[in-house]
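Student: Okay, so here is start_37.cif, and as you'll see once you scroll down, it has mmCIF, C-alpha atoms.
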```cif
data_entry
#
loop_
_atom_site.label_atom_id
_atom_site.label_comp_id
_atom_site.auth_asym_id
_atom_site.auth_seq_id
_atom_site.Cartn_x
_atom_site.Cartn_y
_atom_site.Cartn_z
CA MET D 6 159.01 56.45 81.33
CA ASP D 7 162.65 56.60 82.42
CA SER D 8 163.14 57.00 86.16
CA PRO D 9 164.47 60.53 86.87
CA PRO D 10 167.47 61.36 89.07
CA PRO D 11 166.37 62.24 92.62
CA ALA D 12 167.77 65.79 92.47
CA ARG D 13 165.43 66.60 89.56
CA ALA D 14 162.45 64.49 90.66
CA ARG D 15 159.14 65.61 92.07
CA ILE D 16 158.98 63.85 95.45
CA SER D 17 155.77 63.78 97.49
CA ILE D 18 155.64 62.58 101.08
CA ILE D 19 152.19 61.79 102.45
CA GLY D 20 152.04 62.33 106.22
CA ALA D 21 153.77 64.85 108.50
CA GLY D 22 154.54 62.45 111.33
CA PRO D 23 158.05 61.65 112.59
CA GLY D 24 158.80 59.36 109.63
CA GLY D 25 157.66 61.70 106.88
CA LEU D 26 159.30 64.77 108.39
CA THR D 27 162.57 62.93 109.07
CA CYS D 28 162.70 61.87 105.43
CA ALA D 29 162.05 65.43 104.22
CA ARG D 30 164.70 66.84 106.55
CA ILE D 31 167.46 64.42 105.52
CA LEU D 32 166.61 64.91 101.84
CA ARG D 33 166.89 68.66 102.32
CA ARG D 34 170.36 68.27 103.89
CA HIS D 35 171.40 66.50 100.67
CA GLY D 36 169.96 69.18 98.42
CA ILE D 37 166.86 67.22 97.40
CA ALA D 38 163.49 68.92 97.60
CA ALA D 39 160.32 67.16 98.74
CA THR D 40 156.81 68.30 99.54
CA VAL D 41 154.95 66.88 102.54
CA TYR D 42 151.16 66.69 102.42
CA ASP D 43 149.19 66.23 105.63
CA ARG D 44 145.46 65.98 106.36
CA ASP D 45 145.68 68.13 109.54
CA THR D 46 144.56 71.71 109.02
CA ASP D 47 147.73 73.02 110.68
CA ALA D 48 150.54 71.94 112.97
CA ASP D 49 148.48 72.57 116.10
CA SER D 50 145.08 71.20 115.04
CA ARG D 51 145.24 68.14 117.31
CA ASN D 52 147.20 66.71 120.20
CA GLN D 53 150.07 64.59 118.91
CA GLY D 54 149.90 61.95 121.66
CA GLY D 55 152.19 60.69 124.36
CA SER D 56 155.87 60.12 124.96
CA LEU D 57 158.37 58.27 122.76
CA ASP D 58 161.67 56.60 123.61
CA LEU D 59 164.19 57.02 120.81
CA HIS D 60 166.87 54.33 120.60
CA GLU D 61 170.54 54.82 119.82
CA ASP D 62 170.58 52.48 116.81
CA ASP D 63 167.51 53.73 114.96
CA GLY D 64 165.62 56.87 116.10
CA GLN D 65 168.75 58.65 117.34
CA LEU D 66 170.71 57.48 114.31
CA ALA D 67 168.10 59.13 112.07
CA LEU D 68 168.26 62.37 114.06
CA ARG D 69 172.04 62.37 113.72
CA GLU D 70 171.69 62.16 109.92
CA ALA D 71 169.11 64.94 110.16
CA GLY D 72 171.59 67.15 112.07
CA LEU D 73 169.19 67.39 115.00
CA LEU D 74 170.65 65.08 117.64
CA GLU D 75 172.00 67.87 119.85
CA GLU D 76 168.65 69.68 119.78
CA PHE D 77 166.91 66.41 120.60
CA PHE D 78 169.00 65.90 123.74
CA ALA D 79 168.19 69.45 124.86
CA LEU D 80 164.52 68.37 124.95
CA ALA D 81 164.80 64.70 125.87
CA ARG D 82 164.15 63.32 129.35
CA CYS D 83 166.83 60.77 130.21
CA GLU D 84 165.19 60.22 133.63
CA GLY D 85 162.15 58.98 131.70
CA GLN D 86 164.02 55.71 131.08
CA GLU D 87 162.95 54.59 134.57
CA THR D 88 160.45 51.70 134.47
CA ARG D 89 158.36 49.99 137.14
CA ARG D 90 156.49 46.68 136.91
CA LEU D 91 153.73 45.96 139.45
CA ASP D 92 151.20 43.22 139.97
CA ARG D 93 147.49 43.99 140.36
CA ALA D 94 147.90 44.17 144.15
CA GLY D 95 150.34 47.05 143.70
CA ARG D 96 153.41 45.02 144.69
CA LEU D 97 156.63 46.06 142.97
CA LEU D 98 157.95 43.26 140.77
CA ALA D 99 160.76 45.11 139.02
CA HIS D 100 162.23 48.58 139.06
CA HIS D 101 164.76 49.73 136.50
CA LEU D 102 166.64 52.95 137.15
CA PRO D 103 168.86 54.14 134.29
CA ASP D 104 172.54 54.63 134.99
CA GLU D 105 173.55 58.24 135.44
CA GLY D 106 174.20 59.75 132.02
CA ALA D 107 172.58 56.83 130.16
CA THR D 108 171.26 57.85 126.75
CA ASP D 109 170.13 54.47 125.39
CA SER D 110 166.47 55.43 124.97
CA PRO D 111 165.54 58.84 126.43
CA GLU D 112 161.93 60.04 126.24
CA ILE D 113 160.52 62.95 124.28
CA ASP D 114 156.92 64.02 123.79
CA ARG D 115 155.65 63.19 120.33
CA GLY D 116 154.57 66.80 119.86
CA GLN D 117 158.02 68.10 120.81
CA LEU D 118 159.67 65.75 118.31
CA ARG D 119 157.29 66.84 115.56
CA ASP D 120 157.92 70.52 116.32
CA LEU D 121 161.68 69.94 116.26
CA LEU D 122 161.44 68.38 112.82
CA LEU D 123 159.03 71.01 111.50
CA ARG D 124 161.33 73.85 112.59
CA SER D 125 164.15 72.26 110.62
CA LEU D 126 162.28 72.46 107.30
CA ALA D 127 161.96 75.38 104.93
CA GLY D 128 158.66 77.26 104.96
CA GLY D 129 156.11 75.74 102.61
CA THR D 130 157.62 72.24 102.72
CA VAL D 131 154.52 70.97 104.54
CA GLN D 132 151.15 71.62 102.93
CA TRP D 133 148.43 71.36 105.56
CA GLY D 134 144.80 70.45 104.99
CA ARG D 135 145.68 68.11 102.10
CA ALA D 136 143.97 64.77 102.79
CA LEU D 137 144.85 62.17 100.18
CA VAL D 138 142.09 60.19 98.46
CA SER D 139 144.09 58.02 96.08
CA VAL D 140 147.24 57.41 94.06
CA SER D 141 146.72 56.70 90.37
CA GLY D 142 148.69 56.69 87.12
CA PRO D 143 150.79 54.16 85.21
CA ALA D 144 153.13 51.83 87.05
CA ASP D 145 156.19 53.41 85.46
CA GLY D 146 154.97 56.92 86.38
CA PRO D 147 154.39 59.68 86.78
CA ARG D 148 151.79 59.16 89.52
CA THR D 149 148.83 61.38 90.26
CA LEU D 150 147.74 62.28 93.79
CA THR D 151 144.09 63.18 94.28
CA PHE D 152 143.07 65.06 97.42
CA THR D 153 139.70 65.52 99.11
CA ASP D 154 139.57 69.18 98.05
CA GLY D 155 139.48 68.03 94.42
CA THR D 156 143.04 69.09 93.57
CA THR D 157 145.58 66.79 91.95
CA VAL D 158 149.38 66.68 91.94
CA GLU D 159 151.62 64.87 89.46
CA THR D 160 154.71 63.37 91.06
CA ASP D 161 157.66 61.11 90.29
CA LEU D 162 157.80 59.46 93.73
CA VAL D 163 155.08 58.98 96.33
CA ILE D 164 156.30 58.09 99.84
CA GLY D 165 153.51 56.74 102.02
CA ALA D 166 154.27 57.90 105.56
CA ASP D 167 150.57 58.16 106.34
CA GLY D 168 150.25 55.66 109.15
CA ALA D 169 148.06 52.70 110.01
CA PHE D 170 145.26 53.39 107.55
CA SER D 171 147.50 54.61 104.76
CA ARG D 172 145.88 55.74 101.52
CA VAL D 173 149.16 55.19 99.67
CA ARG D 174 149.41 51.52 100.65
CA ALA D 175 146.67 50.49 98.22
CA ALA D 176 148.93 51.50 95.32
CA VAL D 177 151.33 48.63 96.13
CA SER D 178 149.46 46.19 98.39
CA PRO D 179 145.93 44.95 99.11
CA ALA D 180 146.78 44.42 102.80
CA THR D 181 144.65 46.11 105.44
CA PRO D 182 145.18 46.34 109.21
CA ARG D 183 143.37 43.79 111.38
CA TYR D 184 142.13 44.34 114.92
CA THR D 185 144.35 42.53 117.42
CA GLY D 186 141.58 41.90 119.97
CA VAL D 187 143.15 44.31 122.46
CA GLY D 188 142.07 47.91 122.92
CA PHE D 189 143.56 50.84 124.80
CA LEU D 190 141.57 53.48 126.65
CA GLU D 191 143.68 56.59 127.08
CA ALA D 192 143.31 59.08 129.91
CA TRP D 193 145.60 61.77 131.28
CA PHE D 194 146.59 63.77 134.33
CA ASP D 195 147.59 67.44 134.40
CA ASP D 196 149.77 69.21 136.96
CA ILE D 197 150.73 65.77 138.24
CA GLU D 198 153.10 66.86 141.02
CA ARG D 199 150.72 69.26 142.76
CA ALA D 200 147.26 67.99 141.85
CA HIS D 201 148.00 64.24 141.99
CA PRO D 202 151.05 63.67 144.25
CA GLU D 203 150.10 60.06 145.09
CA VAL D 204 149.90 59.13 141.41
CA SER D 205 153.16 60.96 140.76
CA ALA D 206 154.92 58.94 143.46
CA LEU D 207 153.39 55.68 142.18
CA VAL D 208 154.58 56.12 138.59
CA GLY D 209 157.96 57.76 139.26
CA ASN D 210 159.93 59.60 136.58
CA GLY D 211 159.26 57.19 133.72
CA SER D 212 156.62 54.53 133.20
CA LEU D 213 154.64 51.92 135.12
CA HIS D 214 153.16 48.68 133.77
CA ALA D 215 150.80 46.28 135.55
CA ALA D 216 148.70 43.38 134.26
CA ASP D 217 146.67 40.40 135.50
CA GLY D 218 146.36 38.24 132.38
CA GLU D 219 143.06 39.73 131.19
CA ARG D 220 143.69 43.44 131.48
CA GLY D 221 146.54 45.82 132.17
CA LEU D 222 147.55 49.43 132.40
CA PHE D 223 150.51 51.47 131.29
CA ALA D 224 151.19 54.90 132.80
CA GLN D 225 153.84 57.21 131.40
CA ARG D 226 155.26 60.60 132.29
CA ASN D 227 155.11 63.33 129.68
CA SER D 228 156.79 66.72 129.88
CA GLY D 229 155.24 69.79 131.49
CA GLY D 230 153.76 67.98 134.49
CA HIS D 231 151.53 65.70 132.40
CA LEU D 232 150.99 61.96 132.64
CA ARG D 233 149.13 59.61 130.31
CA VAL D 234 147.67 56.26 131.24
CA TYR D 235 146.44 53.53 128.93
CA PHE D 236 143.99 50.90 130.18
CA MET D 237 144.61 47.77 128.13
CA ARG D 238 141.76 45.30 127.76
CA ARG D 239 140.75 42.29 125.69
CA VAL D 240 137.51 43.67 124.21
CA PRO D 241 135.57 43.69 120.91
CA VAL D 242 136.46 46.60 118.68
CA ASP D 243 132.93 47.96 119.19
CA TRP D 244 132.89 47.38 122.95
CA ALA D 245 131.54 50.87 123.76
CA ASP D 246 128.52 50.52 121.47
CA ALA D 247 127.92 47.00 122.75
CA THR D 248 127.76 48.24 126.35
CA GLY D 249 125.71 51.32 125.47
CA LEU D 250 128.46 53.71 126.57
CA ARG D 251 129.44 57.03 125.05
CA LEU D 252 133.09 57.89 125.45
CA GLU D 253 132.13 61.46 126.34
CA ASP D 254 130.36 60.03 129.39
CA THR D 255 133.44 60.06 131.58
CA GLY D 256 131.54 58.91 134.65
CA GLY D 257 129.99 55.98 132.79
CA VAL D 258 133.31 54.84 131.31
CA ARG D 259 134.98 55.22 134.70
CA ALA D 260 132.29 53.05 136.32
CA GLN D 261 132.79 50.41 133.61
CA LEU D 262 136.54 50.34 134.26
CA LEU D 263 136.12 50.18 138.03
CA GLY D 264 133.96 47.12 137.55
CA GLU D 265 136.52 45.44 135.29
CA TYR D 266 139.45 46.30 137.59
CA ALA D 267 137.52 45.66 140.82
CA HIS D 268 140.13 43.26 142.23
CA TRP D 269 143.04 45.65 141.72
CA SER D 270 144.85 47.61 144.41
CA PRO D 271 143.23 50.90 145.51
CA ARG D 272 146.58 52.59 144.72
CA LEU D 273 146.30 51.51 141.08
CA LEU D 274 142.60 52.33 140.93
CA ARG D 275 143.50 55.99 141.46
CA LEU D 276 144.61 55.93 137.84
CA ILE D 277 140.93 55.31 136.99
CA THR D 278 139.21 57.51 139.56
CA ASP D 279 141.45 60.59 139.60
CA ASN D 280 142.34 61.29 135.97
CA ASP D 281 141.39 64.54 134.23
CA GLY D 282 139.05 64.75 131.26
CA ALA D 283 137.37 62.28 128.93
CA TYR D 284 138.69 58.91 127.78
CA VAL D 285 139.97 58.22 124.24
CA ASP D 286 139.40 54.81 122.63
CA ARG D 287 142.45 53.44 120.81
CA PRO D 288 141.89 49.91 119.46
CA LEU D 289 145.12 48.20 118.40
CA PHE D 290 145.47 47.13 114.78
CA ALA D 291 148.33 45.35 113.00
CA LEU D 292 149.23 44.47 109.43
CA PRO D 293 149.82 40.83 108.44
CA ALA D 294 153.32 39.71 109.35
CA PRO D 295 155.41 39.88 107.31
CA HIS D 296 153.90 42.52 105.03
CA THR D 297 155.58 42.47 101.62
CA TRP D 298 154.78 43.84 98.19
CA ARG D 299 156.14 43.71 94.67
CA HIS D 300 158.32 46.69 93.82
CA SER D 301 156.38 49.39 92.02
CA PRO D 302 158.27 52.29 90.40
CA GLY D 303 157.44 55.60 91.95
CA VAL D 304 155.68 54.41 95.11
CA THR D 305 157.01 53.16 98.45
CA LEU D 306 156.04 53.05 102.11
CA LEU D 307 157.65 53.69 105.47
CA GLY D 308 156.67 53.33 109.12
CA ASP D 309 153.20 52.12 110.06
CA ALA D 310 152.07 52.38 106.45
CA ALA D 311 154.57 49.61 105.69
CA HIS D 312 154.63 47.55 108.89
CA LEU D 313 151.99 48.39 111.49
CA MET D 314 152.78 46.43 114.70
CA PRO D 315 151.60 46.35 118.32
CA PRO D 316 152.96 49.28 120.38
CA LEU D 317 155.96 47.59 121.97
CA GLY D 318 158.57 50.32 121.60
CA VAL D 319 159.73 49.94 117.99
CA GLY D 320 157.14 51.75 115.84
CA VAL D 321 158.45 55.32 115.71
CA ASN D 322 162.06 54.16 115.85
CA LEU D 323 161.59 51.93 112.81
CA ALA D 324 159.68 54.69 110.99
CA MET D 325 162.56 57.10 111.50
CA LEU D 326 165.13 54.50 110.49
CA ASP D 327 163.08 53.77 107.35
CA ALA D 328 162.96 57.47 106.60
CA CYS D 329 166.70 57.85 107.08
CA GLU D 330 167.59 54.88 104.85
CA LEU D 331 165.19 55.97 102.11
CA ALA D 332 166.50 59.54 102.13
CA LEU D 333 170.12 58.36 102.00
CA ALA D 334 169.31 55.92 99.19
CA LEU D 335 167.78 58.81 97.22
CA ALA D 336 170.82 60.97 97.94
CA HIS D 337 173.26 58.33 96.68
CA SER D 338 171.45 56.65 93.77
CA PRO D 339 171.38 57.64 90.10
CA THR D 340 167.61 57.29 89.72
CA ILE D 341 164.44 57.22 91.83
CA ASP D 342 163.84 53.60 90.90
CA ASP D 343 167.36 52.52 91.91
CA ALA D 344 166.94 54.28 95.27
CA VAL D 345 163.56 52.74 96.05
CA GLN D 346 164.76 49.24 95.17
CA ARG D 347 167.86 49.70 97.33
CA TYR D 348 165.72 50.92 100.25
CA GLU D 349 163.08 48.19 99.99
CA THR D 350 165.72 45.47 99.75
CA SER D 351 166.84 46.45 103.26
CA MET D 352 163.60 47.69 104.87
CA ILE D 353 161.13 44.93 103.95
CA PRO D 354 163.16 42.02 105.44
CA ARG D 355 164.00 44.06 108.55
CA SER D 356 160.43 45.11 109.21
CA GLY D 357 159.18 41.60 108.47
CA HIS D 358 161.57 40.20 111.07
CA PHE D 359 160.32 42.60 113.74
CA ALA D 360 156.68 42.12 112.76
CA GLN D 361 156.96 38.36 113.13
CA LEU D 362 158.71 38.73 116.49
CA LEU D 363 155.94 41.03 117.73
CA GLU D 364 153.01 39.18 116.17
CA GLY D 365 150.49 38.64 118.95
CA GLY D 366 152.42 41.12 121.08
CA ALA D 367 149.26 42.94 122.07
CA GLU D 368 148.44 39.92 124.24
CA HIS D 369 151.85 40.22 125.89
CA LEU D 370 150.81 43.59 127.28
CA LEU D 371 148.15 41.81 129.37
CA SER D 372 150.31 38.94 130.57
CA VAL D 373 151.51 38.39 134.12
CA PRO D 374 155.32 38.22 134.03
CA GLY D 375 157.16 35.10 135.08
CA PHE D 376 160.42 35.15 137.01
CA ASP D 377 162.56 35.38 133.86
CA ASP D 378 160.49 38.29 132.52
CA VAL D 379 160.93 40.19 135.78
CA GLN D 380 164.67 39.56 135.76
CA ARG D 381 164.93 40.93 132.20
CA SER D 382 162.99 44.04 133.21
CA GLY D 383 165.99 45.28 135.16
CA PRO D 384 167.32 45.08 138.69
CA THR D 385 164.74 45.33 141.44
CA GLN D 386 165.40 48.42 143.57
CA ARG D 387 163.16 49.21 146.54
#
```
What does this structure look like when you write it as structure tokens?
Tutor:
Amino acid sequence: MDSPPPARARISIIGAGPGGLTCARILRRHGIAATVYDRDTDADSRNQGGSLDLHEDDGQLALREAGLLEEFFALARCEGQETRRLDRAGRLLAHHLPDEGATDSPEIDRGQLRDLLLRSLAGGTVQWGRALVSVSGPADGPRTLTFTDGTTVETDLVIGADGAFSRVRAAVSPATPRYTGVGFLEAWFDDIERAHPEVSALVGNGSLHAADGERGLFAQRNSGGHLRVYFMRRVPVDWADATGLRLEDTGGVRAQLLGEYAHWSPRLLRLITDNDGAYVDRPLFALPAPHTWRHSPGVTLLGDAAHLMPPLGVGVNLAMLDACELALALAHSPTIDDAVQRYETSMIPRSGHFAQLLEGGAEHLLSVPGFDDVQRSGPTQR
């Protein structure tokens, strides 16, 4: 089958995260229609997670192409660029305060970013409650999408923006994510200023990171008086079952953490003892680095579906840059196949470079910084 021109093609994006929605938005600005399919029942069916820092040369660049940069800055928290690094005794090792007016990497809640992108799309662009089962059909297209509700869709281009455990990935690659050996336990605080003033003062306006070589924690401001904290530990992927714990047993999980962090400062232990609600287990997975695949007409990947890496500040930014470059390639290429080849020629080497740099990076989150690491974290201000 001849590859169709993008303006007349049926384009299907799987996944309504930042990458998929950014791609749909930029395509729309260039007069190209796409349909986004997402497994969530609606836009509000689950919490979208914590805060994101969007960088000038990737995430913000994509929002500029999407025509949404001004609206982003109306929501973004530039003060959230503040970072603190402590040791397990609670001693301040490094404190970076952003320059006044700095916009290098302001923070925005993931949910706010998603809502911003959703509002920019025409009604009906996103089809909710459509969980993909598989991609089938001949290599030269068209492809057939099969969903869990038994429906099928024929399409000229499938864009896998469906995250770590992508269903689209299998159409181009046998690769599967592997557990890194490090897991996060997420907890949160509400009404941080009034209900938890000591924790508020400890974390500041941005984020706090502490580690002792075996375990660590990362606390981060969100908007609306919320704060999330991630306890980072070297544990088996099934650690909860192995210890007989149920994650709904907040008191039991808290006791487990207090035992593991027993030698940490009482100030830092407040992040374990005072948080609100149950814990959420988030084991870290990564794809082999670099992850490559042979070009396949009518199917491509972006974001975590293409290059799942440890959470070291590049994931969403790369996903949005991928989305931007793919959308622009489709807008300026004569056929779908030409556009996908042009996009993959740029994206695969770039993502492979970052993936190799960050390989084993989950361990870095637990490491005790040396002098050079502290110096790079920013000027110490007390």
Student: Using only C-alpha atoms, which protein or nucleic acid residues come within 12 Å of Ala245 in chain D? Drop anything in the same chain fewer than 3 positions from it, and give the result as a list of chain:residue names.
Tutor: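 Once the adjacent positions are removed, what remains is D:Gly188, D:Leu190, D:Val240, D:Pro241, D:Val242, D:Thr248, D:Gly249, D:Leu250, D:Arg251, D:Leu252, D:Glu253, D:Asp254, D:Gly257, D:Val258, D:Gln261, D:Leu262, D:Tyr284, D:Val285, D:Asp286, D:Arg287, D:Pro288.
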Student: Report the residues retrieved by the PyMOL selection byres ((chain D and resi 214) around 10) from the displayed file, expressed as a list of chain:residue names.
Tutor: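 On this input, the PyMOL selection byres ((chain D and resi 214) around 10) captures D:Thr88, D:Arg89, D:Arg90, D:Leu91, D:Asp92, D:Arg93, D:Ala99, D:Val208, D:Ser212, D:Leu213, D:Ala215, D:Ala216, D:Gly221, D:Leu222, D:Phe223, D:Ala224, D:Gln225, D:Val234, D:Tyr235, D:Leu370, D:Leu371.
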Student: Suppose we keep C-alpha atoms; can you now write the selection as a PDB file, keeping the file's coordinate frame?
Tutor:
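See part_13.pdb below for the written result:
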```pdb
ATOM      1  CA  THR D  88     160.450  51.700 134.470  1.00  0.00           C
ATOM      2  CA  ARG D  89     158.360  49.990 137.140  1.00  0.00           C
ATOM      3  CA  ARG D  90     156.490  46.680 136.910  1.00  0.00           C
ATOM      4  CA  LEU D  91     153.730  45.960 139.450  1.00  0.00           C
ATOM      5  CA  ASP D  92     151.200  43.220 139.970  1.00  0.00           C
ATOM      6  CA  ARG D  93     147.490  43.990 140.360  1.00  0.00           C
ATOM      7  CA  ALA D  99     160.760  45.110 139.020  1.00  0.00           C
ATOM      8  CA  VAL D 208     154.580  56.120 138.590  1.00  0.00           C
ATOM      9  CA  SER D 212     156.620  54.530 133.200  1.00  0.00           C
ATOM     10  CA  LEU D 213     154.640  51.920 135.120  1.00  0.00           C
ATOM     11  CA  ALA D 215     150.800  46.280 135.550  1.00  0.00           C
ATOM     12  CA  ALA D 216     148.700  43.380 134.260  1.00  0.00           C
ATOM     13  CA  GLY D 221     146.540  45.820 132.170  1.00  0.00           C
ATOM     14  CA  LEU D 222     147.550  49.430 132.400  1.00  0.00           C
ATOM     15  CA  PHE D 223     150.510  51.470 131.290  1.00  0.00           C
ATOM     16  CA  ALA D 224     151.190  54.900 132.800  1.00  0.00           C
ATOM     17  CA  GLN D 225     153.840  57.210 131.400  1.00  0.00           C
ATOM     18  CA  VAL D 234     147.670  56.260 131.240  1.00  0.00           C
ATOM     19  CA  TYR D 235     146.440  53.530 128.930  1.00  0.00           C
ATOM     20  CA  LEU D 370     150.810  43.590 127.280  1.00  0.00           C
ATOM     21  CA  LEU D 371     148.150  41.810 129.370  1.00  0.00           C
TER      22      LEU D 371
END
```
Student: Taking the file as shown, find all residues satisfying the PyMOL selection byres ((chain D and resi 27) around 10) and write them as a CSV table (one decimal) with C-alpha atoms, in the frame of the given file.
Tutor:
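Below is the file that was written, part10.csv:
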```csv
chain,number,residue,atom,x,y,z
D,21,ALA,CA,153.8,64.8,108.5
D,22,GLY,CA,154.5,62.4,111.3
D,23,PRO,CA,158.0,61.6,112.6
D,24,GLY,CA,158.8,59.4,109.6
D,25,GLY,CA,157.7,61.7,106.9
D,26,LEU,CA,159.3,64.8,108.4
D,28,CYS,CA,162.7,61.9,105.4
D,29,ALA,CA,162.0,65.4,104.2
D,30,ARG,CA,164.7,66.8,106.6
D,31,ILE,CA,167.5,64.4,105.5
D,32,LEU,CA,166.6,64.9,101.8
D,33,ARG,CA,166.9,68.7,102.3
D,64,GLY,CA,165.6,56.9,116.1
D,67,ALA,CA,168.1,59.1,112.1
D,68,LEU,CA,168.3,62.4,114.1
D,70,GLU,CA,171.7,62.2,109.9
D,71,ALA,CA,169.1,64.9,110.2
D,73,LEU,CA,169.2,67.4,115.0
D,119,ARG,CA,157.3,66.8,115.6
D,122,LEU,CA,161.4,68.4,112.8
D,123,LEU,CA,159.0,71.0,111.5
D,125,SER,CA,164.2,72.3,110.6
D,126,LEU,CA,162.3,72.5,107.3
D,324,ALA,CA,159.7,54.7,111.0
D,325,MET,CA,162.6,57.1,111.5
D,326,LEU,CA,165.1,54.5,110.5
D,327,ASP,CA,163.1,53.8,107.4
D,328,ALA,CA,163.0,57.5,106.6
D,329,CYS,CA,166.7,57.8,107.1
D,332,ALA,CA,166.5,59.5,102.1
```
Student: Any chance you could work out the residue set of the PyMOL selection byres ((chain D and resi 181) around 8) here, as a compact mmCIF listing (two decimals) with C-alpha atoms, keeping the file's coordinate frame?
Tutor:
```
# COMPACT_ATOMS: atom_id res chain seq x y z
CA PHE D 170 145.26 53.39 107.55
CA PRO D 179 145.93 44.95 99.11
CA ALA D 180 146.78 44.42 102.80
CA PRO D 182 145.18 46.34 109.21
CA ARG D 183 143.37 43.79 111.38
CA LEU D 292 149.23 44.47 109.43
CA PRO D 293 149.82 40.83 108.44
```
Student: To one decimal in Å, tell me the separation between CA of Asp47 in chain D and CA of Val321 in chain D.
Tutor: 21.3 Å
Student: Just to confirm, what's the straight-line distance from CA of Gly168 in chain D to CA of Gly20 in chain D in Å (one decimal)?
Tutor: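 Separating CA of Gly168 in chain D from CA of Gly20 in chain D is a distance of 7.5 Å.
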Student: Once you count only C-alpha atoms, which residues end up no further than 12 Å from (154.3, 42.8, 116.5) in the file's frame, shown as a short mmCIF file (atom, residue, chain, number, x, y, z; two decimals) with C-alpha atoms, in the frame of the given file?
Tutor:
```cif
data_model
loop_
_atom_site.label_atom_id
_atom_site.label_comp_id
_atom_site.auth_asym_id
_atom_site.auth_seq_id
_atom_site.Cartn_x
_atom_site.Cartn_y
_atom_site.Cartn_z
CA THR D 185 144.35 42.53 117.42
CA LEU D 289 145.12 48.20 118.40
CA PHE D 290 145.47 47.13 114.78
CA ALA D 291 148.33 45.35 113.00
CA LEU D 292 149.23 44.47 109.43
CA PRO D 293 149.82 40.83 108.44
CA ALA D 294 153.32 39.71 109.35
CA PRO D 295 155.41 39.88 107.31
CA HIS D 296 153.90 42.52 105.03
CA ASP D 309 153.20 52.12 110.06
CA HIS D 312 154.63 47.55 108.89
CA LEU D 313 151.99 48.39 111.49
CA MET D 314 152.78 46.43 114.70
CA PRO D 315 151.60 46.35 118.32
CA PRO D 316 152.96 49.28 120.38
CA LEU D 317 155.96 47.59 121.97
CA GLY D 318 158.57 50.32 121.60
CA VAL D 319 159.73 49.94 117.99
CA GLY D 320 157.14 51.75 115.84
CA SER D 356 160.43 45.11 109.21
CA GLY D 357 159.18 41.60 108.47
CA HIS D 358 161.57 40.20 111.07
CA PHE D 359 160.32 42.60 113.74
CA ALA D 360 156.68 42.12 112.76
CA GLN D 361 156.96 38.36 113.13
CA LEU D 362 158.71 38.73 116.49
CA LEU D 363 155.94 41.03 117.73
CA GLU D 364 153.01 39.18 116.17
CA GLY D 365 150.49 38.64 118.95
CA GLY D 366 152.42 41.12 121.08
CA ALA D 367 149.26 42.94 122.07
CA GLU D 368 148.44 39.92 124.24
CA HIS D 369 151.85 40.22 125.89
CA LEU D 370 150.81 43.59 127.28
#
```
Student: Between CA of Glu191 in chain D and CA of Glu265 in chain D, what is the spacing in Å?
Tutor: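 So the answer is 15.6 Å.
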Student: Which one of D:Pro354, D:Pro339, D:Gly186, D:Pro302 sits closest to Asp145 in chain D if you count all atoms listed in the file?
Tutor: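 That would be D:Pro302, the residue with the smallest distance to Asp145 in chain D.
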Student: Between D:Leu162, D:Val373, D:Val304, D:Leu57, which one has atoms that come closest to Asp114 in chain D, using all atoms listed in the file?
Tutor: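 Closest residue, counting all atoms listed in the file: D:Leu57.
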Student: Given only C-alpha atoms as the basis, pick out the residue of D:Pro11, D:Leu102, D:Asn227, D:Trp193 nearest to Gln117 in chain D.
Tutor: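 Going through D:Pro11, D:Leu102, D:Asn227, D:Trp193 one by one, the smallest distance to Gln117 in chain D is for D:Asn227.
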Student: Taking all listed atoms of range 292-311 of chain D, build the axis-aligned box, pad each of the six sides by 5 Å, then write its centre and edge lengths in Å to one decimal as JSON.
Tutor:
```
{"center_x": 153.8, "center_y": 47.7, "center_z": 100.2, "size_x": 19.1, "size_y": 25.9, "size_z": 29.7}
```
Student: Using only C-alpha atoms, which protein or nucleic acid residues come within 12 Å of Glu203 in chain D? Drop anything in the same chain fewer than 3 positions from it, and give the result as an MDAnalysis selection string.
Tutor: chainID D and resid 194 197:200 206:209 271:276 279
Student: Write a file of the selected residues as a PDB file, in the coordinates of the input, keeping C-alpha atoms.
Tutor:
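Everything below was put into out-v5.pdb:
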```
ATOM      1  CA  PHE D 194     146.590  63.770 134.330  1.00  0.00           C
ATOM      2  CA  ILE D 197     150.730  65.770 138.240  1.00  0.00           C
ATOM      3  CA  GLU D 198     153.100  66.860 141.020  1.00  0.00           C
ATOM      4  CA  ARG D 199     150.720  69.260 142.760  1.00  0.00           C
ATOM      5  CA  ALA D 200     147.260  67.990 141.850  1.00  0.00           C
ATOM      6  CA  ALA D 206     154.920  58.940 143.460  1.00  0.00           C
ATOM      7  CA  LEU D 207     153.390  55.680 142.180  1.00  0.00           C
ATOM      8  CA  VAL D 208     154.580  56.120 138.590  1.00  0.00           C
ATOM      9  CA  GLY D 209     157.960  57.760 139.260  1.00  0.00           C
ATOM     10  CA  PRO D 271     143.230  50.900 145.510  1.00  0.00           C
ATOM     11  CA  ARG D 272     146.580  52.590 144.720  1.00  0.00           C
ATOM     12  CA  LEU D 273     146.300  51.510 141.080  1.00  0.00           C
ATOM     13  CA  LEU D 274     142.600  52.330 140.930  1.00  0.00           C
ATOM     14  CA  ARG D 275     143.500  55.990 141.460  1.00  0.00           C
ATOM     15  CA  LEU D 276     144.610  55.930 137.840  1.00  0.00           C
ATOM     16  CA  ASP D 279     141.450  60.590 139.600  1.00  0.00           C
TER      17      ASP D 279
END
```
